[in-house]
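Colleague: Before I ask anything, here is the structure I am working with.
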2 protein chains.
Amino acid sequence: MDESGASALLQAGCGPILPAHDSTVPPLRQQIFECVRSHGQISRIDVAKHLSVSPASVTTIVSDLIAGGLLKEVEAPRDPGSRGRPPVALAVRPEAGYVVGIKLSDLVHTGVIIDFAGRPVAEARLHRPSLRTEVDLLVEEADELLTRMLAEAGMDRSAISAVGLGLPGIVDHFRGLILWSPILRGLEIPIARMMSERMGLPVQVDNDANVLTLAELWYGAGRRLPDFAVVTQEYGVGMGLVMNHRLYRGANSVGMELGHTKVQLDGALCRCGQRGCLEAYVSDYALVREASVALDLHRTESGSAQVILESLYDQAKAGNEAARTIFRRAGRFLAAGLANVINLFDPSLVILSGARMRYDYLYAEDVLKEVRELTLNKGRKLPRVEINAWGDLVWARGAATLALSAVTDARTSAEVVE
Amino acid sequence: MDESGASALLQAGCGPILPAHDSTVPPLRQQIFECVRSHGQISRIDVAKHLSVSPASVTTIVSDLIAGGLLKEVEAPRDPGSRGRPPVALAVRPEAGYVVGIKLSDLVHTGVIIDFAGRPVAEARLHRPSLRTEVDLLVEEADELLTRMLAEAGMDRSAISAVGLGLPGIVDHFRGLILWSPILRGLEIPIARMMSERMGLPVQVDNDANVLTLAELWYGAGRRLPDFAVVTQEYGVGMGLVMNHRLYRGANSVGMELGHTKVQLDGALCRCGQRGCLEAYVSDYALVREASVALDLHRTESGSAQVILESLYDQAKAGNEAARTIFRRAGRFLAAGLANVINLFDPSLVILSGARMRYDYLYAEDVLKEVRELTLNKGRKLPRVEINAWGDLVWARGAATLALSAVTDARTSAEVVE
């Protein structure tokens with residue numbers, strides 16, 4: 001047995017160098033702002049309690065945030081029977097700024113404008129015909145969506161602080177690049193810069209599963225739990241992971257490609273060009289592929305995938321055994337994919353999220369039972385699995401959160417009065 | 001389309017509550033100790049630079065750590081040609097304490113004693129006959145190993161501060177429980193308490209892949225990289241993940257069960273009782289199972305699995321096509337498992353580690369090529385894959401690190417002089 005490695009190891013007397021500051025901890029200023037926003041209304045003293053800091057430091061920073069126009073004082077509800085001056089609470093000043101979120105997709109783009117308190121001001125949808133397109137057209141469509149929303153809200157473009165963009169594919173968030181997307185032609189597309197030039201606004205971009213995970217983090221399960229996984233299903237299968245209240249981004253800041261994990265060596269062909277990917281068994285296009293064989297349907301025109309899927313779903317509900325077997329098989333592979341996520345990440349909660357969660361055959365008790373059977377269960381506590389059928393605007397809302405987060409981070413760290 | 005979820009979402013104006021203190025950031029006192037240990041020797045001023053803190057606060061805390069017997073001053077090498085008093089550096093006081101690391105396994109237990117600076121003082125191995133045993137026997141064997149090492153080092157049991165234990169299976173580190181282990185009979189075994197009672201020493205326990213990952217974190221790749229994945233192969237397949245210089249433990253503090261992720265629905269039978277697990281294709285027992293069919297061998301006695309494997313390996317090297325095809329197939333499944341890890345975690349480095357890495361058929365260029373072919377690669381940067389054949393003592397060394405980490409954490413946070 002080769003012990004030279006061990007010998008070298010046994011000589012070494014040193015360990016890892018710890019980082020001086022953990023980059024995942026935001027400054028107190030930002031924490032206070034987040035705390036107020038997450039509570040809606042909260043008193044200074046309760047902020048201090050929540051963050052375990054002194055009331056004096058909260059008071060100082062809150063004064064800055066009020067002077068900077070980010071927070072405001074509001075009258076808090078008085079306890080019944082109490083007298084004197086009504087208590088004062090803090091709230092985010094909604095008109096401190098507005099951001100836009102846009103989700104780009106294969107069949108429909110969706111968008112929202114939200115204010116600084118996270119409330120919606122306008123929303124829009126843009127139906128589109130083709131699956132894979134040139135980036136110039138996508139930029140044009142996104143800008144059209146923005147223009148429509150501004151008109152609806154009666155707002156000028158200059159009122160918008162930033163735009164957040166979510167789309168499927170491999171996205172380098174920090175560099176603003178689409179490395180590859182199933183809805184786009186070309187590779188390494190500097191979409192953040194292109195959108196920004198067209199819109200005249202700062203643009204943040206991320207993988208669509210990540211923006212959906214941000215929505216769950218800000219408005220859903222993330223308000224209670226520090227760690228959870230989000231599995232999304234739409235045209236493809238995506239995943240986001242929250243650890244310690246933060247989105248996990250990996251070493252290269254691209255998304256977690258659950259859809260392209262292999263569930264069968266040399267298996268079904270995936271649109272990524274490889275074989276045996278989870279997506280090749282459970283995504284829309286996988287169902288359509290099976291449907292066109294089993295139900296003798298043919299996909300002749302663009303947009304008809306949706307029609308085939310609806311028909312497949314209706315037939316399964318009506319008792320068509322061929323249609324049912326398609327959903328059943330997809331459900332089993334989905335179960336294997338979910339079990340793998342649980343085996344690896346051991347999250348306390350798995351959220352199945354996204355608009356297409358309405359194909360409930362895929363999320364039936366059978367599938368959840370199969371997940372349990374495919375997860376190593378020797379004495380191990382299995383996580384809850386939740387299904388969130390938010391509707392399609394949740395993606396855009398998550399994209400807006402991406403923009404809001406960047407803007408408030410910048411404004412809460414920049415406006416230091418010292 | 002159901003928009004009620006979206007409507008509810010769009011009403012909500014609140015986000016996640018951030019934790020006041022990120023529990024992953026150790027106190028400055030501990031960071032200073034870690035910094036000295038990781039450097040071997042370092043001056044106060046360089047510690048301050050490394051941690052981006054004031055020299056004054058380093059000086060104060062270092063005085064405490066010296067008074068507490070954890071650090072000492074040493075003469076640093078003088079620059080050639082410089083005059084005057086030699087410069088003073090800090091080092092860990094090795095005799096500040098000793099800890100034991102024990103790796104329990106199916107065929108051989110290994111152990112080391114290390115001092116506070118991480119240097120080995122004694123080591124031992126205990127060969128054993130059976131695969132699955134009663135916990136009482138395992139406790140006895142571990143204690144025998146400890147006794148041997150103490151004799152070798154000429155030390156008394158009272159000189160040991162703590163024991164770290166690594167073993168395969170599902171281990172609840174924080175509660176000190178073995179939920180399930182392939183080498184143990186029974187479930188939910190309070191092994192930390194049982195070992196502690198027998199040895200008369202504090203005992204920490206963790207999954208063997210986690211302790212190996214700790215060894216990589218303290219003495220290997222972790223000294224340069226904040227994020228990496230470790231995949232281990234021994235009797236089974238394990239995995240550890242380091243994020244931001246810390247071991248990821250998931251919600252329930254059990255290990256990451258890469259070996260039980262499914263690579264084939266309804267596939268080969270795994271020793272966990274489920275089908276299609278990665279382990280059922282690539283672990284020792286999977287190879288033995290195939291070998292006994294293909295090579296017409298029979299596993300008649302305990303311990304002979306090792307003999308079969310050695311013979312299989314020799315025959316593959318000698319050109320036996322049946323033996324080669326067994327390794328080739330296992331290698332392909334291993335590649336799929338590694339590609340899944342990369343697709344999901346996007347680490348900057350994957351380390352294949354553990355003693356049985358000597359079956360180099362499994363780690364040939366073919367396998368690494370297959371990993372690249374099974375990883376979604378659209379514009380994405382693939383991580384390096386490193387193979388570390390440390391020899392079998394690395395596991396025990398990792399287990400000792402588990403104990404050392406707990407002891408120094410406790411001593412650096414307890415001995416605050418204020």
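Following the order of the structure tokens, chains are lettered A, B, ..., residues in each are numbered from 1, and ligands are numbered from 1.
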Could you give the C-alpha RMSD in Å for chain B superposed on chain A, pairing all atoms in order?

Modeller: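 The RMSD between chain B and chain A over C-alpha atoms is 0.1 Å.
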
Colleague: I need the residues in range 67-231 of chain B that are helix (DSSP H, G or I) according to DSSP; give them as an mmCIF file with C-alpha atoms, in the first residue's frame.

Modeller:
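Generated output (result02.cif):
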```
data_model
loop_
_atom_site.group_PDB
_atom_site.id
_atom_site.type_symbol
_atom_site.label_atom_id
_atom_site.label_comp_id
_atom_site.auth_asym_id
_atom_site.auth_seq_id
_atom_site.Cartn_x
_atom_site.Cartn_y
_atom_site.Cartn_z
ATOM 1 C CA ALA B 67 -1.108 32.769 28.947
ATOM 2 C CA PRO B 94 2.307 21.274 20.465
ATOM 3 C CA GLU B 95 2.218 19.968 24.026
ATOM 4 C CA ALA B 96 -0.886 22.070 24.765
ATOM 5 C CA VAL B 135 -21.620 -2.132 18.626
ATOM 6 C CA ASP B 136 -20.139 -3.553 21.838
ATOM 7 C CA LEU B 137 -17.455 -5.353 19.857
ATOM 8 C CA LEU B 138 -16.710 -2.208 17.864
ATOM 9 C CA VAL B 139 -16.317 -0.187 21.061
ATOM 10 C CA GLU B 140 -13.963 -2.832 22.394
ATOM 11 C CA GLU B 141 -11.892 -2.815 19.199
ATOM 12 C CA ALA B 142 -11.641 0.985 19.196
ATOM 13 C CA ASP B 143 -10.530 0.948 22.816
ATOM 14 C CA GLU B 144 -7.918 -1.690 22.035
ATOM 15 C CA LEU B 145 -6.584 0.520 19.242
ATOM 16 C CA LEU B 146 -6.390 3.453 21.646
ATOM 17 C CA THR B 147 -4.575 1.368 24.261
ATOM 18 C CA ARG B 148 -2.018 0.244 21.684
ATOM 19 C CA MET B 149 -1.343 3.792 20.535
ATOM 20 C CA LEU B 150 -0.965 5.063 24.099
ATOM 21 C CA ALA B 151 1.563 2.283 24.761
ATOM 22 C CA GLU B 152 3.457 3.136 21.580
ATOM 23 C CA ALA B 153 3.575 6.831 22.521
ATOM 24 C CA ARG B 157 -4.914 8.124 28.856
ATOM 25 C CA SER B 158 -5.271 11.317 30.901
ATOM 26 C CA ALA B 159 -3.001 13.121 28.419
ATOM 27 C CA ILE B 191 -21.976 5.526 19.785
ATOM 28 C CA ALA B 192 -20.382 8.771 21.017
ATOM 29 C CA ARG B 193 -21.745 8.171 24.531
ATOM 30 C CA MET B 194 -20.826 4.465 24.494
ATOM 31 C CA MET B 195 -17.264 5.112 23.301
ATOM 32 C CA SER B 196 -16.923 7.969 25.758
ATOM 33 C CA GLU B 197 -17.998 5.765 28.685
ATOM 34 C CA ARG B 198 -15.599 3.005 27.676
ATOM 35 C CA MET B 199 -12.633 5.298 26.985
ATOM 36 C CA ASP B 208 -16.147 8.815 7.337
ATOM 37 C CA ALA B 209 -16.495 10.888 4.164
ATOM 38 C CA ASN B 210 -16.886 13.977 6.336
ATOM 39 C CA VAL B 211 -13.731 13.281 8.353
ATOM 40 C CA LEU B 212 -11.811 12.666 5.131
ATOM 41 C CA THR B 213 -13.116 15.989 3.862
ATOM 42 C CA LEU B 214 -11.870 17.613 7.067
ATOM 43 C CA ALA B 215 -8.416 16.170 6.350
ATOM 44 C CA GLU B 216 -8.535 17.720 2.856
ATOM 45 C CA LEU B 217 -9.758 20.989 4.357
ATOM 46 C CA TRP B 218 -7.001 21.195 6.962
ATOM 47 C CA TYR B 219 -4.064 19.614 5.176
ATOM 48 C CA ALA B 221 -6.787 21.366 -1.121
ATOM 49 C CA GLY B 222 -8.791 23.294 1.477
ATOM 50 C CA ARG B 223 -5.776 25.399 2.315
#
```

Colleague: Pick out the closest residue to chain A from this set: B:Ser57, B:Asn252, B:Ser292, B:Ser82. Count only C-alpha atoms.

Modeller: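 Checking each of B:Ser57, B:Asn252, B:Ser292, B:Ser82 against chain A, counting only C-alpha atoms, the winner is B:Asn252.
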
Colleague: Can you list, as an MDAnalysis selection string, every residue of range 161-405 of chain B that DSSP puts in strand (DSSP E or B)?

Modeller: chainID B and resid 161:167 170:172 177:180 184 189 203:207 228:233 237:243 246:247 256 262 264 269 275 277 349:353 384:388

Colleague: For range 113-116 of chain B, list every protein, DNA or RNA residue within 6 Å, evaluated using only C-alpha atoms, and leave out those in the same chain fewer than 2 positions away; present the list as a ChimeraX atom specification.

Modeller: /B:94,96-100,118-122

Colleague: From the options A:His109, A:Arg397, A:Arg93, A:Lys49, which residue's atoms come nearest to Gly68 in chain A, counting only C-alpha atoms?

Modeller: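 Using only C-alpha atoms, Gly68 in chain A sits closest to A:Arg93.
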
Colleague: Just checking: using only C-alpha atoms, which residue out of B:Arg78, B:Lys72, B:Arg328, B:Lys381 ends up closest to chain A?

Modeller: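 Using only C-alpha atoms, chain A sits closest to B:Lys381.
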
Colleague: Quick one, how far is CA of Val230 in chain B from CA of Ser353 in chain B?

Modeller: 6.7 Å

Colleague: What is the CA of Trp180 in chain B to CA of Leu278 in chain B distance in Å?

Modeller: 18.1 Å

Colleague: With only C-alpha atoms as the counted atoms, please give the residues lying no more than 8 Å from range 344-346 of chain A, apart from itself and same-chain residues fewer than 2 positions off, as a list in words.

Modeller: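 The residues satisfying every condition are Asn340, Val341, Ile342, Ser348 and Pro383 of chain A; Gly250, Ala251, Asn252, Val254, Gly255, Met256, Glu257, Leu258 and Thr261 of chain B.
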
Colleague: Please provide as JSON, numbers by chain all residues within 12 Å of range 323-327 of chain B, with the sequence filter that same-chain residues fewer than 2 positions apart are discarded (counting only C-alpha atoms).

Modeller: {"B": [281, 282, 283, 284, 286, 287, 288, 289, 290, 291, 292, 293, 294, 295, 296, 297, 308, 309, 310, 311, 312, 313, 314, 315, 316, 317, 318, 319, 320, 321, 329, 330, 331, 332, 333, 334, 335, 359, 360, 361, 362, 363, 364, 366, 367]}

Colleague: Quick check, in Å to one decimal: how far apart do CA of Gly220 in chain A and CA of Gly69 in chain A lie?

Modeller: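 Straight-line distance from CA of Gly220 in chain A to CA of Gly69 in chain A works out to 27.2 Å.
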
Colleague: When distances are computed from only C-alpha atoms, which of B:Gly40, B:Gly84, B:Pro27, B:Gly164 shows the smallest separation from chain A?

Modeller: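 Among the listed residues, B:Gly40 lies closest to chain A.
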
Colleague: Return the single residue from B:Glu386, B:Glu123, B:Asp409, B:Glu73 that is closest to chain A, with distances computed using only C-alpha atoms.

Modeller: B:Glu123

Colleague: If you count only C-alpha atoms, which residues fall within 8 Å of Cys277 in chain B, apart from same-chain ones fewer than 5 positions away, as a list in words?

Modeller: Gly259, His260, Thr261, Lys262, Val263, Gln264, Gly267, Ala268, Leu269 and Cys270 of chain B

Colleague: So, counting only C-alpha atoms, which residue among A:Ala406, A:Ala339, A:Leu71, A:Val163 is closest to chain B?

Modeller: A:Ala339
